Amino acid sequence: MMERRRIGAAILVLFLGHLASALEVPLDLPQPPTITHQSPKDYIIDPRENIVIHCGAKGKPHPSFSWTRNGTHFDIDQEPSVHMKPHSGTLVVDISREKAEHYEGVYQCTARNEHGTAVSNNIVVRHSRSPLWSKERIDPVIVPEGVSLMLPCQPPAGLPPPIIFWMDNNFQRLPQSSRVSQSLNGDLYFSNVLREDSRNDYICYARFPHTQTIQQKQPITVKVFNMDAINETMAAFYNDTDLFSEAPADERRPTFLTPSGPSSEKMVLRGQVLEMECIAGGLPTPEVSWTKVSGDLPAKRTSFLHYQKMLRIVNVSESDAGDYRCTARNQLGSVHHTIHVTVKAAPYWISGPPRNLVLAPGETGVLTCRASGTPKPAITWAMNGIPIENSPKDPSRKVDDDTIIFTDVQSGSSAVYQCNVSNDYGYLLSNVFVNVLSESPRVLTPANKVYQIIRNHHALIDCHSFGSPIPKITWFKDSRSSTLDGDPYILHENGTLEIPVAQAHNSGKYTCVAMNTIGISENHVYLEVKEPTRILKQPEYRVVQKGKSVVFECKVKHDPSLIPTMTWLKDDGELPDDERLVIDSDSLTITDVTESDEGMYTCIMNTTLDYDSASAQLTVVEATPTPAVLYERPDPPTDLELTDQKERSVQLTWTPGDENNSPIQKFLIQYEDSLHHRGHWHNLTEVPATKTTAHLKLSPYVHYTFRVLALNAVGFSHASFPSRMYKTKAAAPDENPTGVEGMGTEHNNLVISWKPLSGLQSNGPGLRYKVMWRQKAGDGDWATVTVANVSKFVVSGTPTFAPYEIKVQAVNDYGAGPEPAVSHGYSGEDLPSEAPHNVQVMVLNSTLAQVHWDPVPPKSLRGHLRGYKVYYWRERSLHKHNPHHMEKQILTFSGNHTHGMLPALHPFSLYSFNVRVYNGKGEGPPCVSQQFETPEGVPGIPSSLIVTNPNLDSLTLEWSPPHDRNGRITGYTLKYQPVNNSNELGPMEELILSANETSITLPNLKYSTRYKFYLNAKTGRGAGPAISQEAITIMDEALIPQIDIGVGTGNTQPSHPIASSPPHHPHHNAWPVTPIFGNVSYSVEEDGALISWEYWGPEKNVYLEYIVKNSDGEEEWQKEYVNGSQNYMLKGLKEGLCYRVRLVAKGYFDQVLHHSKELLVMVPAVASRQVDIATQGWFIGLMCAIALLILILLIICFIQRNKGGKYPVKEKEDAHTDPEFQPMKDDDCTFVEYSDNEDHKPLKGSRSPSNGTVKRDDSDDSLVDYGEGGDGQFNEDGSFIGQYSGKSGSRDTAEGHESSEAPSPINAMNSLNSFV
């Protein structure tokens, strides 16, 4: 045990001592291989394309590559279809000779040189599959309206799995709603079907994304029929029985269609997406809601899809495990389903993968492989691809679980170590090398680099170095009189020098010196401190009339060495492209103002280092009315001529048209370029009204045509007729593209973009661009490439986040443009590789803590610093009664902050937190999570305060401890005071109670007095807020008359005072009945029942409650708010019923304090004013119509019976046993007549209704003889759900055969249909 403690202490010391040694080794120094690029572990390929399995590595010397396949050596030389790319381990398989299935398997790449061996992940290569749907015959689905329905999809299994969707024959997606939805497995569910759901083209499609193919299932036909219509038709002919008296249920309680049963289980992996669904049937359509039984849903990661039927949680964490409940509810009831979610985790790095270790001979170091997972993963080590237990013994190496300790290493012991972390759900494989080097220091920061910073900002000056042993960094300024290691300078561990507040005197030359035991190196950089940009005169608020002009001024002061750029915005967006808006160097002018110009205008002055902005509002009002003056536009100019023609200029003359009583203000000259933009006219220049000649400057390689417009106060004239065409000769470009930028989209590329030249700027054919770039580290050669007329070029294989110099030059067939200006950019960012160090926390009070950390070194930042994020969460309360909380919170601190506050913490709680840095690419690894405890705070308000057992001079208070204890409860303080009828407060009494008390009885109180009580809890930090309650002691019965609250219609009178002891009613079994209600009576009037009473209580919430006397226990009391009145008219009572009525007084928290005795109110069955319905005209007419209809039906039945004779049903039942089918007409859903030899066959499989009113054995004319075979059947409630159809005979045969037997009831119904 002591040995393990010593090893643990040694590991901690070594880890802290060599954390900074995880350096990137320059590629010109000897080093073991490092895998830089590899295909994904699960590699699904397209079988139609060649297979490319990537494997890239670096090292010195450059490594060689080999492969294994399914655990054995893969001899590429023996595979004519496989070759390896030069200078790489990437395999390319030509599938034109072999099928892709031949090369499926598990591949692993090995990169080795003389210093070690690195291996890739196991790459499982499988080709994608998109199998066809199996052929099948799908019978039509026939269902009654209102039932639930599921249409199965059952797609073929593909790789990867297909995406499912439902469409019709027109390739239109089937609409989905809260009633119709698709499940996760692709099945289509209907909560209840409607008649409009009938269609024959429900088609399930499966799209296989890898091969971009779509497979289709056979269409499904759905027919929905209406049972009510069938029941009503049949019931008209069988009204002597109740065969169809029980109609199908129109409405149904919700039931779950999927998942089944009351509960189910689901497992999800950490970091993946959790999707759960609950689809319910019912009528009306149920609504689905979700809750988490064991906590709250993570709001920021939770979404509800498919009309709340699916719950989706992204980036699942261990805190998401637990029980989730979905509830389906409609107006008839609700149903629940519980899903138990278990979260497992494939292995993941706790603080990032192991880091390479560079050591000098004789030094000590540590490799650490820290990972976690659920279940806990196993960790194994290998050296140069061989299990470490089988590797050569090394006395300087000691393996201790997830750590390898190296002591007194020697030259030649460099190697690559593999750390494999695995459990049931995956594995992590990391290659990490130990490189033993003796190397003198070298400074990697570019020499003579210039840092520019704005005054009063903090400055960071880099000195990135490498050496083995690790060199020590020292800084000097200018004359090297002293080292820079004190105020105001801060020297970071990675060699960076920080100036927290840069001033002008900090400008100058800085020298960093790197020194170790082998040698010394130095580098010179320069710091320039610039003046900040400031707006001296801001734009001001303006109110302008329409049609007028307005000027916004924006005068700016900036550092003279920086080039400023002025930008104007309107309502935080770009200015409209309008000629009326003119931007000058320090102003914005808007002419001819319109209502659309109203808004907020902002001027922004940008430099390469900073900016400043200011805004002002423009309000536009109506112009002052002036007398209307009619003008006309001028006539168009005429006689256009071109003279003095040169290569880059020409002179245009014209003759003005008639002014039409309004003087011409100016001329506008436009041109058309028929070579580049035929049909488009562009403004070229404007000429004053006093001139009719213009000298026009032209561009090369343009076919010009000119026209002129005249402008007066009314507007522009029509354009003149065009001039003749003038063609200029081609020439080399006069300018280069603008907006040249360089930035990366990936960690190893640089995207150079620019704004291309227009056709007018190209000056000739064959426009292209010469793109040049080089790293800013020195004066190296420019890399050059010429690209077509595009707007960007991607440079691949760049180092991560390296500064570059960029130039883009325009070139055409006649030469190159001028020498381009140099722009600056950076290659792509990558995620930060290190977590912040020296993380500390300081608890300021019970709800606030301050976190401190050291900045991440710029080298490991690998991008533009955006800031730091602090993740913190409440593990649990320090009080045993409080539940655990795991929801994480995030605070973001932009910029180079080194501390931040954690607000709104819960007192008396245990918190965990970690810190991570983020750049433009994303977040880096978190630091090791730390914990802290918040001290006690004042407690919250007690959970409840209830007054029970009121007596003449005492009452009992019961309470519950606060929900938020915020510490250890040390006691309670109870204060109370009387309150008179004027709400004036009396003297205050105070009691100190112990922490374990939850009730108290207060004696010696005044009778019939209202008291107000205040109760608060206390901790060691003080008292919390108080909960208040009011109560009244019972009146002295000896001093008030006994109230007789009787049942009847007359008023009750008070009797002689009788002293009696009130009964004791526990608060949890019965309400207190106290004589504060009296003279309760009622009278029945035309509008309802008038209830009257007297009330002497102080409570302000008085209600009148009533319920039918003989109602069951599930019915709730109806209540009316009657505060402040002494009577109330109850309306809407049903005649002939007796009601129970009572008055209730409630407290501030809606608890019942008093109620009256119940009063029985009888509503007469017949009102006093009755109308004889037999004398009403509408009733007499209705009876006559019914009699006439019955007479017609009797005549029709008599005629039909005379057509045949007796109908011996019993004989036909004995003679015919096999069913036949009689078809239903498709067009009107009526039935085809039976022929005489067919209409007596029994209905196979039918049975009588559940009430037994129709039986086969004792009925002379059974319905069994007239139905269809298998489809004629009944629901459990006796309602008919089949179709009435049978085998049809020839109409002529049916009509020609004269049977002596009775006609079928079905035929009688058809005859009635024909008659009607």
# chains A, B, ... in the order shown; residues from 1 in each chain; ligands from 1

$ residues_around --residues "segment 687-689 of chain A" --least-positions-apart "6" --cutoff "9 Å" --atoms "only C-alpha atoms" --output "PyMOL selection string"
chain A and resi 663-669+710-711

$ select_by_dssp --residues "segment 562-623 of chain A" --states "strand (DSSP E)" --output "VMD selection string"
chain A and resid 565 to 570 573 to 574 581 to 583 587 to 590 599 to 606 611 to 621

$ write_last_selection --atoms "C-alpha atoms" --output "compact mmCIF listing (two decimals), in the first residue's frame"
# COMPACT_ATOMS: atom_id res chain seq x y z
CA THR A 565 -12.31 52.17 -43.73
CA MET A 566 -15.66 53.90 -43.26
CA THR A 567 -18.82 51.75 -43.45
CA TRP A 568 -22.42 52.91 -43.11
CA LEU A 569 -25.30 50.67 -42.05
CA LYS A 570 -29.07 51.16 -42.01
CA GLY A 573 -27.94 46.01 -42.45
CA GLU A 574 -26.29 47.19 -45.63
CA LEU A 581 -27.32 57.80 -50.88
CA VAL A 582 -23.89 59.36 -51.31
CA ILE A 583 -21.01 58.32 -48.99
CA SER A 587 -20.42 61.96 -44.08
CA LEU A 588 -23.52 60.30 -45.56
CA THR A 589 -25.88 62.38 -47.71
CA ILE A 590 -29.42 61.27 -48.62
CA GLY A 599 -34.47 54.21 -39.70
CA MET A 600 -31.28 53.97 -37.66
CA TYR A 601 -28.03 54.87 -39.46
CA THR A 602 -24.69 53.71 -38.08
CA CYS A 603 -21.21 54.75 -39.13
CA ILE A 604 -18.39 52.26 -38.42
CA MET A 605 -14.73 53.22 -38.74
CA ASN A 606 -12.56 50.09 -39.08
CA TYR A 611 -13.00 50.04 -34.76
CA ASP A 612 -15.47 52.57 -33.38
CA SER A 613 -19.13 53.18 -34.23
CA ALA A 614 -21.97 55.63 -33.61
CA SER A 615 -25.64 55.72 -34.61
CA ALA A 616 -28.43 58.25 -35.19
CA GLN A 617 -32.13 58.00 -36.04
CA LEU A 618 -33.73 59.53 -39.17
CA THR A 619 -37.42 60.42 -38.97
CA VAL A 620 -39.28 61.34 -42.17
CA VAL A 621 -42.37 63.57 -42.02

$ atom_distance --atom1 "atom CA of Thr407 of chain A" --atom2 "atom CA of Ile518 of chain A"
20.5 Å

$ residues_around --residues "Pro820 of chain A" --least-positions-apart "4" --cutoff "10 Å" --atoms "only C-alpha atoms" --output "list in words"
Glu735, Asn736, Pro737, Thr738, Lys770, Met772, Ile806, Lys807, Val808, Gln809 and Ala810 of chain A

$ write_last_selection --atoms "N, CA and C atoms" --output "PDB file, in the first residue's frame"
ATOM      1  N   GLU A 735      -6.037  46.659 -63.351  1.00  0.00           N
ATOM      2  CA  GLU A 735      -6.174  46.518 -61.906  1.00  0.00           C
ATOM      3  C   GLU A 735      -6.231  45.038 -61.560  1.00  0.00           C
ATOM      4  N   ASN A 736      -6.023  44.781 -60.267  1.00  0.00           N
ATOM      5  CA  ASN A 736      -6.071  43.422 -59.747  1.00  0.00           C
ATOM      6  C   ASN A 736      -7.332  43.235 -58.906  1.00  0.00           C
ATOM      7  N   PRO A 737      -7.680  41.997 -58.621  1.00  0.00           N
ATOM      8  CA  PRO A 737      -8.878  41.778 -57.799  1.00  0.00           C
ATOM      9  C   PRO A 737      -8.743  42.434 -56.422  1.00  0.00           C
ATOM     10  N   THR A 738      -9.869  42.801 -55.887  1.00  0.00           N
ATOM     11  CA  THR A 738      -9.926  43.385 -54.538  1.00  0.00           C
ATOM     12  C   THR A 738     -10.468  42.339 -53.564  1.00  0.00           C
ATOM     13  N   LYS A 770      -3.397  34.877 -61.241  1.00  0.00           N
ATOM     14  CA  LYS A 770      -2.160  34.294 -60.758  1.00  0.00           C
ATOM     15  C   LYS A 770      -2.157  34.426 -59.234  1.00  0.00           C
ATOM     16  N   MET A 772      -0.533  33.723 -55.590  1.00  0.00           N
ATOM     17  CA  MET A 772       0.786  33.535 -54.990  1.00  0.00           C
ATOM     18  C   MET A 772       0.664  33.547 -53.469  1.00  0.00           C
ATOM     19  N   ILE A 806      -0.147  36.711 -49.081  1.00  0.00           N
ATOM     20  CA  ILE A 806      -0.958  36.303 -50.229  1.00  0.00           C
ATOM     21  C   ILE A 806      -0.979  37.436 -51.249  1.00  0.00           C
ATOM     22  N   LYS A 807      -0.907  37.065 -52.520  1.00  0.00           N
ATOM     23  CA  LYS A 807      -1.070  38.031 -53.611  1.00  0.00           C
ATOM     24  C   LYS A 807      -1.902  37.382 -54.710  1.00  0.00           C
ATOM     25  N   VAL A 808      -2.763  38.174 -55.351  1.00  0.00           N
ATOM     26  CA  VAL A 808      -3.554  37.709 -56.491  1.00  0.00           C
ATOM     27  C   VAL A 808      -3.424  38.751 -57.603  1.00  0.00           C
ATOM     28  N   GLN A 809      -2.990  38.320 -58.780  1.00  0.00           N
ATOM     29  CA  GLN A 809      -2.749  39.208 -59.925  1.00  0.00           C
ATOM     30  C   GLN A 809      -3.641  38.792 -61.089  1.00  0.00           C
ATOM     31  N   ALA A 810      -4.261  39.791 -61.731  1.00  0.00           N
ATOM     32  CA  ALA A 810      -5.101  39.526 -62.899  1.00  0.00           C
ATOM     33  C   ALA A 810      -4.225  39.390 -64.145  1.00  0.00           C
TER      34      ALA A 810
END

$ closest_residue --among "A:Asn448, A:Asn896, A:Asn763, A:Thr255" --to "Leu332 of chain A" --atoms "only C-alpha atoms"
A:Thr255

$ residues_around --residues "Tyr489 of chain A" --least-positions-apart "2" --cutoff "8 Å" --atoms "only C-alpha atoms" --output "short mmCIF file (atom, residue, chain, number, x, y, z; two decimals) with all heavy atoms, in the first residue's frame"
data_model
loop_
_atom_site.label_atom_id
_atom_site.label_comp_id
_atom_site.auth_asym_id
_atom_site.auth_seq_id
_atom_site.Cartn_x
_atom_site.Cartn_y
_atom_site.Cartn_z
N LEU A 484 13.14 41.04 -18.31
CA LEU A 484 11.75 41.48 -18.14
C LEU A 484 11.00 40.38 -17.40
O LEU A 484 10.35 39.52 -18.00
CB LEU A 484 11.11 41.74 -19.52
CG LEU A 484 11.87 42.71 -20.43
CD1 LEU A 484 11.15 42.85 -21.76
CD2 LEU A 484 12.00 44.09 -19.76
N ASP A 485 11.07 40.41 -16.10
CA ASP A 485 10.40 39.38 -15.32
C ASP A 485 9.61 39.94 -14.16
O ASP A 485 9.21 39.22 -13.26
CB ASP A 485 11.41 38.35 -14.80
CG ASP A 485 12.53 39.02 -13.98
OD1 ASP A 485 12.47 40.25 -13.82
OD2 ASP A 485 13.43 38.30 -13.52
N GLY A 486 9.36 41.25 -14.15
CA GLY A 486 8.58 41.87 -13.09
C GLY A 486 7.54 42.81 -13.66
O GLY A 486 7.35 42.89 -14.87
N ASP A 487 6.85 43.51 -12.75
CA ASP A 487 5.80 44.43 -13.17
C ASP A 487 6.34 45.45 -14.16
O ASP A 487 7.43 45.97 -13.97
CB ASP A 487 5.25 45.14 -11.92
CG ASP A 487 4.00 45.94 -12.23
OD1 ASP A 487 3.04 45.33 -12.71
OD2 ASP A 487 4.02 47.16 -11.99
N LEU A 491 5.62 36.70 -17.46
CA LEU A 491 6.27 35.68 -18.28
C LEU A 491 5.55 34.36 -18.06
O LEU A 491 5.48 33.85 -16.95
CB LEU A 491 7.75 35.54 -17.89
CG LEU A 491 8.56 34.51 -18.70
CD1 LEU A 491 8.55 34.87 -20.18
CD2 LEU A 491 9.99 34.44 -18.17
N LEU A 497 5.53 36.46 -23.47
CA LEU A 497 5.64 37.65 -22.61
C LEU A 497 4.35 38.44 -22.75
O LEU A 497 3.93 38.78 -23.87
CB LEU A 497 6.83 38.51 -23.03
CG LEU A 497 7.09 39.76 -22.18
CD1 LEU A 497 7.54 39.37 -20.77
CD2 LEU A 497 8.14 40.65 -22.84
N GLU A 498 3.72 38.74 -21.62
CA GLU A 498 2.45 39.46 -21.62
C GLU A 498 2.63 40.84 -20.99
O GLU A 498 3.26 40.97 -19.95
CB GLU A 498 1.38 38.68 -20.87
CG GLU A 498 0.04 39.42 -20.81
CD GLU A 498 -1.01 38.68 -20.00
OE1 GLU A 498 -0.68 37.58 -19.47
OE2 GLU A 498 -2.14 39.19 -19.89
N ILE A 499 2.03 41.86 -21.66
CA ILE A 499 1.95 43.20 -21.10
C ILE A 499 0.46 43.48 -20.89
O ILE A 499 -0.28 43.66 -21.86
CB ILE A 499 2.57 44.25 -22.03
CG1 ILE A 499 4.02 43.85 -22.38
CG2 ILE A 499 2.52 45.64 -21.40
CD1 ILE A 499 4.66 44.77 -23.39
N PRO A 500 -0.03 43.50 -19.65
CA PRO A 500 -1.49 43.60 -19.44
C PRO A 500 -2.09 44.86 -20.02
O PRO A 500 -3.17 44.80 -20.62
CB PRO A 500 -1.62 43.55 -17.91
CG PRO A 500 -0.38 42.86 -17.44
CD PRO A 500 0.70 43.28 -18.39
#

$ residues_around --residues "Lys888 of chain A" --least-positions-apart "2" --cutoff "12 Å" --atoms "only C-alpha atoms" --output "short mmCIF file (atom, residue, chain, number, x, y, z; two decimals) with all heavy atoms, in the first residue's frame"
data_model
loop_
_atom_site.label_atom_id
_atom_site.label_comp_id
_atom_site.auth_asym_id
_atom_site.auth_seq_id
_atom_site.Cartn_x
_atom_site.Cartn_y
_atom_site.Cartn_z
N PRO A 298 -33.58 17.96 -20.13
CA PRO A 298 -32.55 18.97 -20.46
C PRO A 298 -33.04 19.90 -21.55
O PRO A 298 -33.08 19.54 -22.74
CB PRO A 298 -31.36 18.11 -20.91
CG PRO A 298 -31.96 16.83 -21.38
CD PRO A 298 -33.18 16.60 -20.55
N ALA A 299 -33.43 21.12 -21.18
CA ALA A 299 -34.13 22.01 -22.10
C ALA A 299 -33.32 22.32 -23.35
O ALA A 299 -33.86 22.33 -24.46
CB ALA A 299 -34.50 23.31 -21.36
N LYS A 300 -32.02 22.55 -23.21
CA LYS A 300 -31.22 22.98 -24.35
C LYS A 300 -30.93 21.85 -25.33
O LYS A 300 -30.56 22.10 -26.48
CB LYS A 300 -29.91 23.60 -23.87
CG LYS A 300 -30.10 24.88 -23.08
CD LYS A 300 -28.77 25.48 -22.65
CE LYS A 300 -28.96 26.77 -21.86
NZ LYS A 300 -27.67 27.35 -21.43
N ARG A 301 -31.09 20.60 -24.88
CA ARG A 301 -30.78 19.47 -25.76
C ARG A 301 -32.01 18.67 -26.16
O ARG A 301 -31.90 17.64 -26.79
CB ARG A 301 -29.78 18.54 -25.06
CG ARG A 301 -28.44 19.20 -24.78
CD ARG A 301 -27.44 18.22 -24.17
NE ARG A 301 -27.75 17.88 -22.79
CZ ARG A 301 -28.12 16.68 -22.39
NH1 ARG A 301 -28.24 15.71 -23.27
NH2 ARG A 301 -28.37 16.44 -21.11
N SER A 317 -25.89 12.31 -22.17
CA SER A 317 -24.91 12.13 -21.10
C SER A 317 -25.50 11.18 -20.06
O SER A 317 -26.67 10.79 -20.13
CB SER A 317 -24.57 13.48 -20.45
OG SER A 317 -25.71 14.02 -19.81
N GLU A 318 -24.66 10.81 -19.08
CA GLU A 318 -25.10 9.87 -18.06
C GLU A 318 -26.29 10.40 -17.27
O GLU A 318 -27.11 9.64 -16.75
CB GLU A 318 -23.95 9.54 -17.10
CG GLU A 318 -22.87 8.65 -17.68
CD GLU A 318 -21.86 9.42 -18.54
OE1 GLU A 318 -22.08 10.63 -18.76
OE2 GLU A 318 -20.86 8.80 -18.99
N SER A 319 -26.42 11.73 -17.16
CA SER A 319 -27.53 12.31 -16.39
C SER A 319 -28.87 12.10 -17.08
O SER A 319 -29.91 12.33 -16.47
CB SER A 319 -27.29 13.81 -16.17
OG SER A 319 -27.24 14.49 -17.41
N ASP A 320 -28.88 11.70 -18.35
CA ASP A 320 -30.13 11.49 -19.07
C ASP A 320 -30.74 10.12 -18.78
O ASP A 320 -31.83 9.82 -19.28
CB ASP A 320 -29.91 11.66 -20.57
CG ASP A 320 -29.49 13.08 -20.93
OD1 ASP A 320 -30.03 14.00 -20.31
OD2 ASP A 320 -28.62 13.25 -21.80
N VAL A 870 -16.55 27.86 -18.78
CA VAL A 870 -16.55 27.17 -17.51
C VAL A 870 -17.82 26.33 -17.44
O VAL A 870 -18.93 26.87 -17.49
CB VAL A 870 -16.49 28.15 -16.32
CG1 VAL A 870 -16.52 27.38 -15.00
CG2 VAL A 870 -15.24 29.01 -16.41
N TYR A 871 -17.68 25.01 -17.38
CA TYR A 871 -18.80 24.10 -17.19
C TYR A 871 -18.90 23.81 -15.70
O TYR A 871 -17.93 23.39 -15.08
CB TYR A 871 -18.55 22.79 -17.94
CG TYR A 871 -18.73 22.89 -19.44
CD1 TYR A 871 -17.81 23.59 -20.23
CD2 TYR A 871 -19.80 22.26 -20.07
CE1 TYR A 871 -17.96 23.67 -21.61
CE2 TYR A 871 -19.95 22.34 -21.45
CZ TYR A 871 -19.03 23.04 -22.21
OH TYR A 871 -19.19 23.11 -23.57
N TYR A 872 -20.08 24.01 -15.14
CA TYR A 872 -20.24 23.69 -13.72
C TYR A 872 -21.63 23.14 -13.49
O TYR A 872 -22.56 23.42 -14.22
CB TYR A 872 -19.98 24.93 -12.85
CG TYR A 872 -20.98 26.05 -13.02
CD1 TYR A 872 -22.00 26.27 -12.09
CD2 TYR A 872 -20.90 26.92 -14.10
CE1 TYR A 872 -22.91 27.29 -12.23
CE2 TYR A 872 -21.80 27.96 -14.25
CZ TYR A 872 -22.80 28.14 -13.32
OH TYR A 872 -23.71 29.16 -13.46
N TRP A 873 -21.72 22.29 -12.49
CA TRP A 873 -22.99 21.65 -12.19
C TRP A 873 -23.04 21.30 -10.71
O TRP A 873 -22.04 21.11 -10.05
CB TRP A 873 -23.20 20.40 -13.05
CG TRP A 873 -22.16 19.34 -12.87
CD1 TRP A 873 -22.21 18.23 -12.09
CD2 TRP A 873 -20.86 19.30 -13.52
NE1 TRP A 873 -21.07 17.50 -12.20
CE2 TRP A 873 -20.22 18.12 -13.07
CE3 TRP A 873 -20.21 20.12 -14.43
CZ2 TRP A 873 -18.94 17.77 -13.50
CZ3 TRP A 873 -18.95 19.77 -14.87
CH2 TRP A 873 -18.32 18.61 -14.40
N ARG A 874 -24.24 21.22 -10.23
CA ARG A 874 -24.48 20.91 -8.82
C ARG A 874 -24.57 19.40 -8.66
O ARG A 874 -25.45 18.75 -9.21
CB ARG A 874 -25.79 21.56 -8.38
CG ARG A 874 -26.08 21.43 -6.89
CD ARG A 874 -27.47 21.96 -6.57
NE ARG A 874 -27.76 21.94 -5.15
CZ ARG A 874 -28.96 22.10 -4.62
NH1 ARG A 874 -29.99 22.30 -5.42
NH2 ARG A 874 -29.16 22.07 -3.32
N GLU A 875 -23.60 18.85 -7.93
CA GLU A 875 -23.59 17.42 -7.70
C GLU A 875 -24.72 17.00 -6.75
O GLU A 875 -25.49 16.10 -7.05
CB GLU A 875 -22.25 16.97 -7.13
CG GLU A 875 -21.07 17.13 -8.08
CD GLU A 875 -21.04 16.02 -9.13
OE1 GLU A 875 -21.95 15.17 -9.10
OE2 GLU A 875 -20.13 16.01 -9.96
N HIS A 885 -28.70 16.84 -8.34
CA HIS A 885 -28.90 17.62 -9.58
C HIS A 885 -27.65 17.44 -10.44
O HIS A 885 -26.54 17.57 -9.97
CB HIS A 885 -29.12 19.10 -9.27
CG HIS A 885 -30.31 19.35 -8.38
ND1 HIS A 885 -31.58 19.53 -8.88
CD2 HIS A 885 -30.42 19.42 -7.04
CE1 HIS A 885 -32.43 19.72 -7.86
NE2 HIS A 885 -31.75 19.66 -6.73
N MET A 886 -27.89 17.18 -11.74
CA MET A 886 -26.75 16.94 -12.62
C MET A 886 -26.77 17.82 -13.88
O MET A 886 -25.96 17.64 -14.76
CB MET A 886 -26.76 15.47 -13.06
CG MET A 886 -26.43 14.49 -11.94
SD MET A 886 -24.76 14.71 -11.31
CE MET A 886 -23.81 14.18 -12.71
N ILE A 890 -23.19 26.46 -18.36
CA ILE A 890 -21.99 26.92 -19.05
C ILE A 890 -21.93 28.44 -18.95
O ILE A 890 -22.92 29.12 -19.21
CB ILE A 890 -22.00 26.50 -20.53
CG1 ILE A 890 -22.16 24.99 -20.65
CG2 ILE A 890 -20.73 26.96 -21.23
CD1 ILE A 890 -22.33 24.51 -22.07
N LEU A 891 -20.76 28.95 -18.56
CA LEU A 891 -20.49 30.38 -18.60
C LEU A 891 -19.36 30.61 -19.60
O LEU A 891 -18.34 29.92 -19.57
CB LEU A 891 -20.10 30.91 -17.23
CG LEU A 891 -21.24 31.12 -16.24
CD1 LEU A 891 -20.69 31.60 -14.90
CD2 LEU A 891 -22.25 32.13 -16.77
N TYR A 911 -20.46 21.34 -5.66
CA TYR A 911 -20.41 21.65 -7.09
C TYR A 911 -19.15 21.04 -7.71
O TYR A 911 -18.10 20.91 -7.04
CB TYR A 911 -20.39 23.16 -7.33
CG TYR A 911 -21.77 23.78 -7.32
CD1 TYR A 911 -22.36 24.19 -6.13
CD2 TYR A 911 -22.48 23.98 -8.50
CE1 TYR A 911 -23.63 24.76 -6.11
CE2 TYR A 911 -23.74 24.55 -8.49
CZ TYR A 911 -24.31 24.94 -7.31
OH TYR A 911 -25.55 25.51 -7.32
N SER A 912 -19.26 20.71 -9.01
CA SER A 912 -18.10 20.32 -9.81
C SER A 912 -17.99 21.27 -10.98
O SER A 912 -19.00 21.82 -11.45
CB SER A 912 -18.25 18.88 -10.32
OG SER A 912 -18.25 17.97 -9.26
N PHE A 913 -16.77 21.46 -11.47
CA PHE A 913 -16.60 22.35 -12.62
C PHE A 913 -15.30 21.97 -13.34
O PHE A 913 -14.43 21.29 -12.80
CB PHE A 913 -16.55 23.82 -12.17
CG PHE A 913 -15.24 24.23 -11.52
CD1 PHE A 913 -14.24 24.87 -12.25
CD2 PHE A 913 -15.00 23.96 -10.18
CE1 PHE A 913 -13.05 25.24 -11.65
CE2 PHE A 913 -13.81 24.32 -9.57
CZ PHE A 913 -12.82 24.96 -10.31
N ASN A 914 -15.24 22.41 -14.59
CA ASN A 914 -14.00 22.35 -15.35
C ASN A 914 -13.95 23.52 -16.31
O ASN A 914 -14.98 24.16 -16.56
CB ASN A 914 -13.81 21.01 -16.09
CG ASN A 914 -14.95 20.73 -17.05
OD1 ASN A 914 -15.29 21.56 -17.92
ND2 ASN A 914 -15.55 19.54 -16.93
#

$ closest_residue --among "A:Ile941, A:Val529, A:Val843, A:Val82" --to "Leu910 of chain A" --atoms "only C-alpha atoms"
A:Val843
